[in-house]
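Okay, entry.pdb now, which holds PDB, C-alpha atoms:
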MODEL        1
ATOM      1  CA  MET I   1     -54.155 231.898  12.658
ATOM      2  CA  PRO I   2     -55.918 228.830  11.232
ATOM      3  CA  THR I   3     -57.386 229.153   7.786
ATOM      4  CA  THR I   4     -61.096 228.770   6.954
ATOM      5  CA  GLN I   5     -60.314 225.476   5.235
ATOM      6  CA  SER I   6     -58.662 224.027   8.357
ATOM      7  CA  VAL I   7     -61.440 225.226  10.673
ATOM      8  CA  MET I   8     -64.175 223.776   8.472
ATOM      9  CA  LYS I   9     -62.500 220.445   7.798
ATOM     10  CA  LYS I  10     -64.998 217.798   8.909
ATOM     11  CA  LEU I  11     -63.557 214.610   7.394
ATOM     12  CA  PRO I  12     -60.133 212.942   7.761
ATOM     13  CA  GLU I  13     -57.182 212.746   5.432
ATOM     14  CA  VAL I  14     -57.086 209.475   3.471
ATOM     15  CA  THR I  15     -53.920 207.735   4.657
ATOM     16  CA  LEU I  16     -52.880 204.186   5.459
ATOM     17  CA  ALA I  17     -54.096 204.742   9.030
ATOM     18  CA  PHE I  18     -57.492 205.742   7.611
ATOM     19  CA  TRP I  19     -57.865 202.388   5.820
ATOM     20  CA  ILE I  20     -56.675 200.406   8.850
ATOM     21  CA  MET I  21     -59.308 202.114  10.989
ATOM     22  CA  LYS I  22     -61.959 201.594   8.305
ATOM     23  CA  ILE I  23     -61.295 197.837   8.180
ATOM     24  CA  ALA I  24     -61.255 197.632  11.990
ATOM     25  CA  ALA I  25     -64.554 199.538  12.217
ATOM     26  CA  THR I  26     -66.275 197.463   9.542
ATOM     27  CA  THR I  27     -65.066 194.186  11.047
ATOM     28  CA  LEU I  28     -66.377 195.327  14.433
ATOM     29  CA  GLY I  29     -69.622 196.369  12.751
ATOM     30  CA  GLU I  30     -70.051 192.802  11.500
ATOM     31  CA  THR I  31     -69.306 191.099  14.821
ATOM     32  CA  ALA I  32     -71.309 193.606  16.896
ATOM     33  CA  GLY I  33     -74.299 193.467  14.542
ATOM     34  CA  ASP I  34     -74.300 189.656  14.754
ATOM     35  CA  LEU I  35     -73.868 189.883  18.531
ATOM     36  CA  PHE I  36     -77.110 191.836  18.949
ATOM     37  CA  ALA I  37     -79.155 190.157  16.232
ATOM     38  CA  GLN I  38     -78.046 186.535  16.565
ATOM     39  CA  THR I  39     -76.155 185.875  19.814
ATOM     40  CA  LEU I  40     -78.521 187.973  21.953
ATOM     41  CA  LYS I  41     -81.412 186.850  19.705
ATOM     42  CA  LEU I  42     -82.910 190.322  19.250
ATOM     43  CA  GLY I  43     -83.500 189.527  15.589
ATOM     44  CA  TYR I  44     -82.660 191.430  12.431
ATOM     45  CA  PHE I  45     -85.699 193.721  12.466
ATOM     46  CA  LEU I  46     -85.506 195.004  16.041
ATOM     47  CA  THR I  47     -81.709 195.289  15.926
ATOM     48  CA  THR I  48     -81.905 197.242  12.654
ATOM     49  CA  VAL I  49     -84.390 199.705  14.184
ATOM     50  CA  VAL I  50     -82.247 200.229  17.294
ATOM     51  CA  LEU I  51     -78.943 200.496  15.408
ATOM     52  CA  PHE I  52     -80.422 202.880  12.847
ATOM     53  CA  MET I  53     -81.481 205.137  15.730
ATOM     54  CA  VAL I  54     -77.926 204.919  17.085
ATOM     55  CA  PHE I  55     -76.664 205.938  13.634
ATOM     56  CA  VAL I  56     -78.983 208.978  13.606
ATOM     57  CA  VAL I  57     -77.758 210.105  17.043
ATOM     58  CA  THR I  58     -74.084 209.717  16.155
ATOM     59  CA  LEU I  59     -74.661 211.451  12.815
ATOM     60  CA  VAL I  60     -76.303 214.460  14.479
ATOM     61  CA  ILE I  61     -73.280 214.788  16.788
ATOM     62  CA  GLN I  62     -70.928 214.594  13.791
ATOM     63  CA  LEU I  63     -72.909 217.130  11.757
ATOM     64  CA  ARG I  64     -73.033 219.587  14.665
ATOM     65  CA  SER I  65     -69.285 219.373  15.213
ATOM     66  CA  ALA I  66     -67.417 222.464  14.028
ATOM     67  CA  ARG I  67     -64.453 220.504  12.694
ATOM     68  CA  TYR I  68     -63.079 216.989  12.259
ATOM     69  CA  ASN I  69     -63.116 214.950  15.461
ATOM     70  CA  PRO I  70     -61.826 211.354  15.119
ATOM     71  CA  PHE I  71     -64.114 210.015  17.863
ATOM     72  CA  PHE I  72     -67.212 211.536  16.256
ATOM     73  CA  TYR I  73     -66.269 210.490  12.715
ATOM     74  CA  TRP I  74     -65.300 206.893  13.460
ATOM     75  CA  THR I  75     -68.265 206.387  15.768
ATOM     76  CA  VAL I  76     -70.536 207.206  12.826
ATOM     77  CA  ILE I  77     -68.551 204.831  10.600
ATOM     78  CA  LEU I  78     -68.991 202.129  13.248
ATOM     79  CA  SER I  79     -72.724 202.811  13.606
ATOM     80  CA  THR I  80     -73.218 202.626   9.823
ATOM     81  CA  SER I  81     -71.307 199.335   9.801
ATOM     82  CA  MET I  82     -73.438 197.827  12.572
ATOM     83  CA  ALA I  83     -76.695 199.094  11.084
ATOM     84  CA  GLY I  84     -75.556 198.028   7.612
ATOM     85  CA  THR I  85     -74.909 194.496   8.880
ATOM     86  CA  THR I  86     -78.426 193.974  10.207
ATOM     87  CA  MET I  87     -80.104 195.940   7.377
ATOM     88  CA  SER I  88     -78.406 193.636   4.873
ATOM     89  CA  ASP I  89     -79.330 190.529   6.864
ATOM     90  CA  PHE I  90     -82.945 191.664   7.160
ATOM     91  CA  MET I  91     -83.162 192.320   3.414
ATOM     92  CA  ASN I  92     -81.472 189.130   2.278
ATOM     93  CA  ARG I  93     -82.342 186.474   4.852
ATOM     94  CA  ASP I  94     -85.476 184.765   6.177
ATOM     95  CA  ALA I  95     -86.477 182.283   8.865
ATOM     96  CA  SER I  96     -85.396 179.190   6.940
ATOM     97  CA  ALA I  97     -82.971 176.614   8.340
ATOM     98  CA  LYS I  98     -80.353 178.006   5.957
ATOM     99  CA  TYR I  99     -80.038 181.129   8.110
ATOM    100  CA  LEU I 100     -81.336 180.037  11.525
ATOM    101  CA  SER I 101     -79.158 177.331  13.063
ATOM    102  CA  GLY I 102     -79.838 175.023  15.982
ATOM    103  CA  GLY I 103     -83.353 174.141  14.911
ATOM    104  CA  ALA I 104     -84.634 177.672  15.647
ATOM    105  CA  THR I 105     -87.671 178.887  13.741
ATOM    106  CA  ARG I 106     -87.599 182.512  14.891
ATOM    107  CA  LEU I 107     -84.965 185.047  15.833
ATOM    108  CA  GLY I 108     -86.245 187.866  17.984
ATOM    109  CA  TRP I 109     -89.346 190.015  17.727
ATOM    110  CA  GLY I 110     -90.920 191.189  14.493
ATOM    111  CA  PRO I 111     -90.471 190.114  10.875
ATOM    112  CA  GLN I 112     -87.692 187.595  10.419
ATOM    113  CA  GLY I 113     -86.459 188.985   7.107
ATOM    114  CA  LEU I 114     -87.517 189.773   3.555
ATOM    115  CA  GLY I 115     -85.634 186.812   2.073
ATOM    116  CA  LEU I 116     -84.603 188.662  -1.084
ATOM    117  CA  GLY I 117     -81.276 186.834  -1.339
ATOM    118  CA  TYR I 118     -77.819 188.340  -1.723
ATOM    119  CA  PRO I 119     -77.877 189.058  -5.508
ATOM    120  CA  GLU I 120     -81.275 190.762  -5.409
ATOM    121  CA  GLY I 121     -80.433 192.696  -2.247
ATOM    122  CA  ALA I 122     -77.112 193.824  -3.699
ATOM    123  CA  ALA I 123     -78.807 194.946  -6.935
ATOM    124  CA  ILE I 124     -81.257 197.108  -4.971
ATOM    125  CA  LEU I 125     -78.468 198.641  -2.896
ATOM    126  CA  VAL I 126     -76.302 199.306  -5.968
ATOM    127  CA  SER I 127     -79.252 201.132  -7.543
ATOM    128  CA  ILE I 128     -79.800 203.244  -4.412
ATOM    129  CA  LEU I 129     -76.088 204.058  -4.190
ATOM    130  CA  ALA I 130     -76.034 205.028  -7.880
ATOM    131  CA  LEU I 131     -78.970 207.396  -7.321
ATOM    132  CA  ILE I 132     -77.160 209.017  -4.373
ATOM    133  CA  PHE I 133     -74.037 209.550  -6.463
ATOM    134  CA  LEU I 134     -76.131 210.887  -9.353
ATOM    135  CA  GLY I 135     -77.810 213.412  -7.059
ATOM    136  CA  TRP I 136     -74.384 214.260  -5.635
ATOM    137  CA  LYS I 137     -72.991 214.817  -9.137
ATOM    138  CA  LEU I 138     -75.947 216.987 -10.169
ATOM    139  CA  SER I 139     -75.544 219.091  -7.022
ATOM    140  CA  GLY I 140     -72.133 220.201  -8.286
ATOM    141  CA  MET I 141     -70.431 219.441  -4.965
ATOM    142  CA  THR I 142     -67.055 217.736  -4.762
ATOM    143  CA  PHE I 143     -66.529 214.006  -4.199
ATOM    144  CA  GLN I 144     -63.160 214.703  -2.540
ATOM    145  CA  ILE I 145     -63.875 213.978   1.116
ATOM    146  CA  THR I 146     -61.149 216.303   2.392
ATOM    147  CA  GLU I 147     -62.887 219.190   0.572
ATOM    148  CA  ILE I 148     -66.408 218.520   1.902
ATOM    149  CA  VAL I 149     -67.134 221.450   4.223
ATOM    150  CA  THR I 150     -70.908 222.026   3.859
ATOM    151  CA  PHE I 151     -73.841 220.430   5.679
ATOM    152  CA  ARG I 152     -75.419 219.323   2.405
ATOM    153  CA  GLY I 153     -72.213 217.772   1.126
ATOM    154  CA  GLU I 154     -71.659 215.917   4.381
ATOM    155  CA  ALA I 155     -75.273 214.659   4.371
ATOM    156  CA  LEU I 156     -74.720 213.198   0.896
ATOM    157  CA  PHE I 157     -71.435 211.680   2.056
ATOM    158  CA  TRP I 158     -73.022 209.907   5.041
ATOM    159  CA  SER I 159     -75.965 208.700   2.950
ATOM    160  CA  ALA I 160     -73.481 207.082   0.577
ATOM    161  CA  ILE I 161     -71.555 205.611   3.518
ATOM    162  CA  LEU I 162     -74.634 203.974   5.060
ATOM    163  CA  VAL I 163     -75.723 202.401   1.774
ATOM    164  CA  SER I 164     -72.189 201.369   0.804
ATOM    165  CA  ASN I 165     -71.663 199.633   4.150
ATOM    166  CA  THR I 166     -74.981 197.811   3.749
ATOM    167  CA  LEU I 167     -74.020 196.833   0.203
ATOM    168  CA  GLY I 168     -70.605 195.692   1.367
ATOM    169  CA  THR I 169     -72.220 193.418   3.951
ATOM    170  CA  SER I 170     -74.327 191.777   1.246
ATOM    171  CA  MET I 171     -71.243 191.276  -0.904
ATOM    172  CA  GLY I 172     -69.249 189.861   1.999
ATOM    173  CA  ASP I 173     -72.004 187.449   3.029
ATOM    174  CA  PHE I 174     -72.393 186.312  -0.570
ATOM    175  CA  LEU I 175     -68.662 185.595  -0.833
ATOM    176  CA  SER I 176     -68.627 183.771   2.504
ATOM    177  CA  ASP I 177     -71.886 181.828   2.301
ATOM    178  CA  SER I 178     -72.849 181.372  -1.354
ATOM    179  CA  SER I 179     -69.771 181.653  -3.557
ATOM    180  CA  GLY I 180     -68.003 178.562  -2.245
ATOM    181  CA  LEU I 181     -64.899 180.590  -1.318
ATOM    182  CA  GLY I 182     -65.556 180.470   2.409
ATOM    183  CA  TYR I 183     -64.570 183.153   4.898
ATOM    184  CA  LEU I 184     -60.826 182.994   4.315
ATOM    185  CA  GLY I 185     -61.181 182.723   0.547
ATOM    186  CA  GLY I 186     -63.617 185.645   0.409
ATOM    187  CA  ALA I 187     -61.294 187.821   2.479
ATOM    188  CA  ALA I 188     -58.344 186.860   0.260
ATOM    189  CA  LEU I 189     -60.281 187.740  -2.906
ATOM    190  CA  VAL I 190     -61.309 191.177  -1.622
ATOM    191  CA  THR I 191     -57.757 191.847  -0.406
ATOM    192  CA  GLY I 192     -56.446 191.007  -3.867
ATOM    193  CA  VAL I 193     -58.878 193.418  -5.526
ATOM    194  CA  LEU I 194     -57.891 196.154  -3.069
ATOM    195  CA  LEU I 195     -54.225 195.643  -3.935
ATOM    196  CA  VAL I 196     -55.134 196.085  -7.616
ATOM    197  CA  LEU I 197     -56.824 199.386  -6.730
ATOM    198  CA  VAL I 198     -53.667 200.513  -4.942
ATOM    199  CA  ALA I 199     -51.667 199.750  -8.097
ATOM    200  CA  LEU I 200     -54.177 201.696 -10.214
ATOM    201  CA  MET I 201     -53.513 204.803  -8.126
ATOM    202  CA  LYS I 202     -50.263 205.103 -10.099
ATOM    203  CA  VAL I 203     -52.169 205.125 -13.411
ATOM    204  CA  PRO I 204     -52.922 208.791 -14.259
ATOM    205  CA  PRO I 205     -56.097 208.257 -16.370
ATOM    206  CA  VAL I 206     -57.871 206.488 -13.475
ATOM    207  CA  PRO I 207     -59.462 209.055 -11.110
ATOM    208  CA  ASN I 208     -58.375 208.576  -7.505
ATOM    209  CA  VAL I 209     -61.844 209.649  -6.340
ATOM    210  CA  LEU I 210     -63.354 206.669  -8.180
ATOM    211  CA  LEU I 211     -60.764 204.328  -6.698
ATOM    212  CA  PHE I 212     -61.490 205.695  -3.222
ATOM    213  CA  TRP I 213     -65.203 204.930  -3.411
ATOM    214  CA  ILE I 214     -64.647 201.467  -4.873
ATOM    215  CA  ALA I 215     -62.163 200.745  -2.091
ATOM    216  CA  PHE I 216     -64.536 202.187   0.497
ATOM    217  CA  VAL I 217     -67.267 199.771  -0.597
ATOM    218  CA  LEU I 218     -64.889 196.805  -0.824
ATOM    219  CA  THR I 219     -63.401 197.259   2.648
ATOM    220  CA  ARG I 220     -66.880 196.459   3.998
ATOM    221  CA  PRO I 221     -67.037 192.907   2.535
ATOM    222  CA  LEU I 222     -63.464 192.478   3.768
ATOM    223  CA  GLY I 223     -64.679 193.390   7.245
ATOM    224  CA  ALA I 224     -67.723 191.149   6.863
ATOM    225  CA  THR I 225     -65.703 188.103   5.833
ATOM    226  CA  ALA I 226     -63.042 188.807   8.478
ATOM    227  CA  GLY I 227     -65.745 189.162  11.132
ATOM    228  CA  ASP I 228     -67.370 185.890  10.081
ATOM    229  CA  LEU I 229     -63.966 184.189  10.042
ATOM    230  CA  LEU I 230     -63.449 185.244  13.667
ATOM    231  CA  THR I 231     -66.891 184.325  14.984
ATOM    232  CA  LYS I 232     -68.369 181.432  12.996
ATOM    233  CA  PRO I 233     -67.999 177.790  14.124
ATOM    234  CA  VAL I 234     -64.959 175.785  13.064
ATOM    235  CA  ALA I 235     -67.279 173.374  11.227
ATOM    236  CA  LYS I 236     -68.284 176.260   8.939
ATOM    237  CA  GLY I 237     -64.718 177.436   8.372
ATOM    238  CA  GLY I 238     -64.525 180.022  11.148
ATOM    239  CA  LEU I 239     -62.314 180.356  14.211
ATOM    240  CA  ASP I 240     -65.259 180.217  16.673
ATOM    241  CA  LEU I 241     -63.948 183.077  18.832
ATOM    242  CA  GLY I 242     -67.490 184.272  19.502
ATOM    243  CA  THR I 243     -69.204 187.562  18.719
ATOM    244  CA  ALA I 244     -68.813 188.997  22.240
ATOM    245  CA  GLY I 245     -65.092 188.338  22.639
ATOM    246  CA  SER I 246     -64.248 189.356  19.070
ATOM    247  CA  SER I 247     -66.285 192.557  19.396
ATOM    248  CA  ALA I 248     -64.579 193.473  22.680
ATOM    249  CA  VAL I 249     -61.090 193.042  21.224
ATOM    250  CA  LEU I 250     -61.958 194.935  18.033
ATOM    251  CA  LEU I 251     -63.570 197.737  20.048
ATOM    252  CA  ALA I 252     -60.403 198.113  22.121
ATOM    253  CA  VAL I 253     -58.280 198.234  18.955
ATOM    254  CA  LEU I 254     -60.555 200.795  17.308
ATOM    255  CA  PHE I 255     -60.684 203.051  20.378
ATOM    256  CA  GLY I 256     -56.904 202.884  20.649
ATOM    257  CA  LEU I 257     -56.594 204.004  17.024
ATOM    258  CA  MET I 258     -59.194 206.739  17.583
ATOM    259  CA  ALA I 259     -57.262 208.033  20.607
ATOM    260  CA  TYR I 260     -54.064 208.125  18.549
ATOM    261  CA  ALA I 261     -55.853 209.968  15.718
ATOM    262  CA  GLN I 262     -57.287 212.449  18.244
ATOM    263  CA  LEU I 263     -53.797 213.125  19.619
ATOM    264  CA  LYS I 264     -52.494 213.798  16.108
ATOM    265  CA  GLU I 265     -55.382 216.205  15.418
ATOM    266  CA  ARG I 266     -54.641 218.157  18.597
ATOM    267  CA  ARG I 267     -50.979 218.430  17.684
ATOM    268  CA  ALA I 268     -51.906 219.582  14.183
ATOM    269  CA  ALA I 269     -54.298 222.190  15.602
ATOM    270  CA  ALA I 270     -51.594 223.476  17.952
ATOM    271  CA  THR I 271     -49.194 223.748  15.031
ATOM    272  CA  GLU I 272     -51.760 225.758  13.018
ATOM    273  CA  VAL I 273     -52.262 228.218  15.873
ATOM    274  CA  LEU I 274     -48.707 228.526  17.214
ATOM    275  CA  GLY I 275     -46.717 227.749  14.090
ATOM    276  CA  PRO I 276     -44.378 224.865  13.203
ATOM    277  CA  GLU I 277     -42.122 225.691  16.135
ATOM    278  CA  ALA I 278     -44.839 224.471  18.546
ATOM    279  CA  GLY I 279     -44.166 220.855  17.728
ATOM    280  CA  ALA I 280     -40.426 221.145  17.391
ATOM    281  CA  VAL I 281     -38.007 219.822  19.998
ATOM    282  CA  GLN I 282     -36.059 222.685  21.535
ATOM    283  CA  PRO I 283     -32.280 222.166  21.930
ATOM    284  CA  GLN I 284     -31.047 221.795  25.462
ATOM    285  CA  ARG I 285     -28.790 224.435  26.932
ATOM    286  CA  THR I 286     -25.287 223.277  27.750
ATOM    287  CA  GLY I 287     -24.250 226.303  29.772
ATOM    288  CA  ARG I 288     -21.606 227.222  27.201
ATOM    289  CA  PRO I 289     -21.749 230.556  25.347
TER     290      PRO I 289
ENDMDL
END
What would the structure in this file look like if it were written as structure tokens?
Amino acid sequence: MPTTQSVMKKLPEVTLAFWIMKIAATTLGETAGDLFAQTLKLGYFLTTVVLFMVFVVTLVIQLRSARYNPFFYWTVILSTSMAGTTMSDFMNRDASAKYLSGGATRLGWGPQGLGLGYPEGAAILVSILALIFLGWKLSGMTFQITEIVTFRGEALFWSAILVSNTLGTSMGDFLSDSSGLGYLGGAALVTGVLLVLVALMKVPPVPNVLLFWIAFVLTRPLGATAGDLLTKPVAKGGLDLGTAGSSAVLLAVLFGLMAYAQLKERRAAATEVLGPEAGAVQPQRTGRP
């Protein structure tokens, strides 16, 4: 019979496949957020409201699930990435020519943006994320995502995810737009830092939980810069593949990975119930004694 731990598991194991899916989801979050806000000209404010509502719906489904379901989990990750993209843009940008191209003076309905700028917006988000982690620490609950099995712990986890994805968007846009590195240079820098974190996993004094959360935040600017590289005009250093086409391809990739993860979960569940022999290949009979 399955153990209580296996039944209550709500979050995935952290493997290489996990990080590949995270980068795919955050890159799609960037291109899809820009598709709604900029290409379809809904604007940052209206798109943020709609995508935040989508996040709430997907989160409720995830929280009500009895155990880990890859489709539920990665849909919430995607919704936090999309909402984080437009939340960051709304905080940091305004209606100036710097952000609105083609001579446009408005982008959609409602306020055009707070115009805080990337450093100020990032500082606010870092402070909010620090407060979430402080409250999490004071609650006494674990930071190990594979050991989060309570509603309260999962609520703290998803709060941190939403803010970290918004923060990561601000960092990615700063690297792409303001640092002088460009889209490719920004992506290369973040990739280099992530490789350093992988190396630090072999250093015993450095907690792996800390490395996980740093990497989780940094994969968002990697997705942001990769998304901008795919969609922005060639004149700005992008590949000009468009937000719609890039989003469609990334969505297909992500759903393929989610389907594969779902298949693995079903096989694992069958093994828990029926034993290791359930997944084993039975030898063929030869007719000989």
request  = Given the file shown, determine the residues that the PyMOL selection byres ((chain I and resi 92-101) around 9) selects; report them as a list in words.
outcome  = Gln38, Met87, Ser88, Asp89, Phe90, Met91, Gly102, Gly103, Ala104, Thr105, Arg106, Leu107, Pro111, Gln112, Gly113, Leu114, Gly115, Leu116, Gly117, Tyr118, Pro119, Glu120, Gly121, Ala122 and Ser170 of chain I
query = Quick one: of I:Val60, I:Val126, I:Val249, I:Ala224, who's nearest to Thr85 (chain I), counting all atoms listed in the file?
reply = I:Ala224
Expansion of the PyMOL selection byres ((chain I and resi 21) around 12) into residues, as number ranges by chain = I: 12, 14-20, 22-29, 70-71, 73-75, 77-78, 216, 219-220, 223, 250-261
request  = Please determine the residues with any atom at most 10 Å from (-77.6, 189.8, 15.6) (coordinates as given in the file, with all atoms listed in the file counting) and report them as a list in words.
outcome  = Glu30, Thr31, Ala32, Gly33, Asp34, Leu35, Phe36, Ala37, Gln38, Thr39, Leu40, Lys41, Leu42, Gly43, Tyr44, Phe45, Leu46, Thr47, Thr48, Met82, Thr85, Thr86, Asp89, Leu107, Gly108 and Thr243 of chain I
request  = Mind checking which residues fall within 12 Å of Gly140 (chain I), counting all atoms listed in the file, ignoring those fewer than 5 positions away in the same chain, and posting them as an MDAnalysis selection string?
outcome  = chainID I and resid 133:135 148 152:153 156
message = Can you measure CA of Ser81 (chain I) to CA of Pro207 (chain I) for me? One decimal in Å is fine.
response =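 Taking CA of Ser81 (chain I) and CA of Pro207 (chain I), their separation equals 25.9 Å.
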task = Could you tell me which residues the PyMOL selection byres ((chain I and resi 193) around 12) returns for this structure, as JSON, numbers by chain?
result = {"I": [186, 187, 188, 189, 190, 191, 192, 194, 195, 196, 197, 198, 199, 200, 211, 214, 215, 217, 218, 219, 221, 222]}
Those selected residues, please, written with C-alpha atoms and delivered as a PDB file, in the coordinates of the input.
ATOM      1  CA  GLY I 186     -63.617 185.645   0.409  1.00  0.00           C
ATOM      2  CA  ALA I 187     -61.294 187.821   2.479  1.00  0.00           C
ATOM      3  CA  ALA I 188     -58.344 186.860   0.260  1.00  0.00           C
ATOM      4  CA  LEU I 189     -60.281 187.740  -2.906  1.00  0.00           C
ATOM      5  CA  VAL I 190     -61.309 191.177  -1.622  1.00  0.00           C
ATOM      6  CA  THR I 191     -57.757 191.847  -0.406  1.00  0.00           C
ATOM      7  CA  GLY I 192     -56.446 191.007  -3.867  1.00  0.00           C
ATOM      8  CA  LEU I 194     -57.891 196.154  -3.069  1.00  0.00           C
ATOM      9  CA  LEU I 195     -54.225 195.643  -3.935  1.00  0.00           C
ATOM     10  CA  VAL I 196     -55.134 196.085  -7.616  1.00  0.00           C
ATOM     11  CA  LEU I 197     -56.824 199.386  -6.730  1.00  0.00           C
ATOM     12  CA  VAL I 198     -53.667 200.513  -4.942  1.00  0.00           C
ATOM     13  CA  ALA I 199     -51.667 199.750  -8.097  1.00  0.00           C
ATOM     14  CA  LEU I 200     -54.177 201.696 -10.214  1.00  0.00           C
ATOM     15  CA  LEU I 211     -60.764 204.328  -6.698  1.00  0.00           C
ATOM     16  CA  ILE I 214     -64.647 201.467  -4.873  1.00  0.00           C
ATOM     17  CA  ALA I 215     -62.163 200.745  -2.091  1.00  0.00           C
ATOM     18  CA  VAL I 217     -67.267 199.771  -0.597  1.00  0.00           C
ATOM     19  CA  LEU I 218     -64.889 196.805  -0.824  1.00  0.00           C
ATOM     20  CA  THR I 219     -63.401 197.259   2.648  1.00  0.00           C
ATOM     21  CA  PRO I 221     -67.037 192.907   2.535  1.00  0.00           C
ATOM     22  CA  LEU I 222     -63.464 192.478   3.768  1.00  0.00           C
TER      23      LEU I 222
END
Excluding Phe157 (chain I) and residues on its chain fewer than 3 positions from it, collect all residues at most 10 Å away from it, counting all atoms listed in the file, and give them as an mmCIF file with C-alpha atoms, in the frame of the given file.
data_model
loop_
_atom_site.group_PDB
_atom_site.id
_atom_site.type_symbol
_atom_site.label_atom_id
_atom_site.label_comp_id
_atom_site.auth_asym_id
_atom_site.auth_seq_id
_atom_site.Cartn_x
_atom_site.Cartn_y
_atom_site.Cartn_z
ATOM 1 C CA LEU I 11 -63.557 214.610 7.394
ATOM 2 C CA ILE I 132 -77.160 209.017 -4.373
ATOM 3 C CA PHE I 133 -74.037 209.550 -6.463
ATOM 4 C CA TRP I 136 -74.384 214.260 -5.635
ATOM 5 C CA PHE I 143 -66.529 214.006 -4.199
ATOM 6 C CA GLN I 144 -63.160 214.703 -2.540
ATOM 7 C CA ILE I 145 -63.875 213.978 1.116
ATOM 8 C CA ILE I 148 -66.408 218.520 1.902
ATOM 9 C CA PHE I 151 -73.841 220.430 5.679
ATOM 10 C CA ARG I 152 -75.419 219.323 2.405
ATOM 11 C CA GLY I 153 -72.213 217.772 1.126
ATOM 12 C CA GLU I 154 -71.659 215.917 4.381
ATOM 13 C CA ALA I 160 -73.481 207.082 0.577
ATOM 14 C CA ILE I 161 -71.555 205.611 3.518
ATOM 15 C CA LEU I 162 -74.634 203.974 5.060
#
Who sits within 12 Å of Arg64 (chain I), only C-alpha atoms, same chain under 3 positions skipped, as a VMD selection string = chain I and resid 8 10 57 to 61 67 to 69 72 to 73 150 to 151 154 to 155
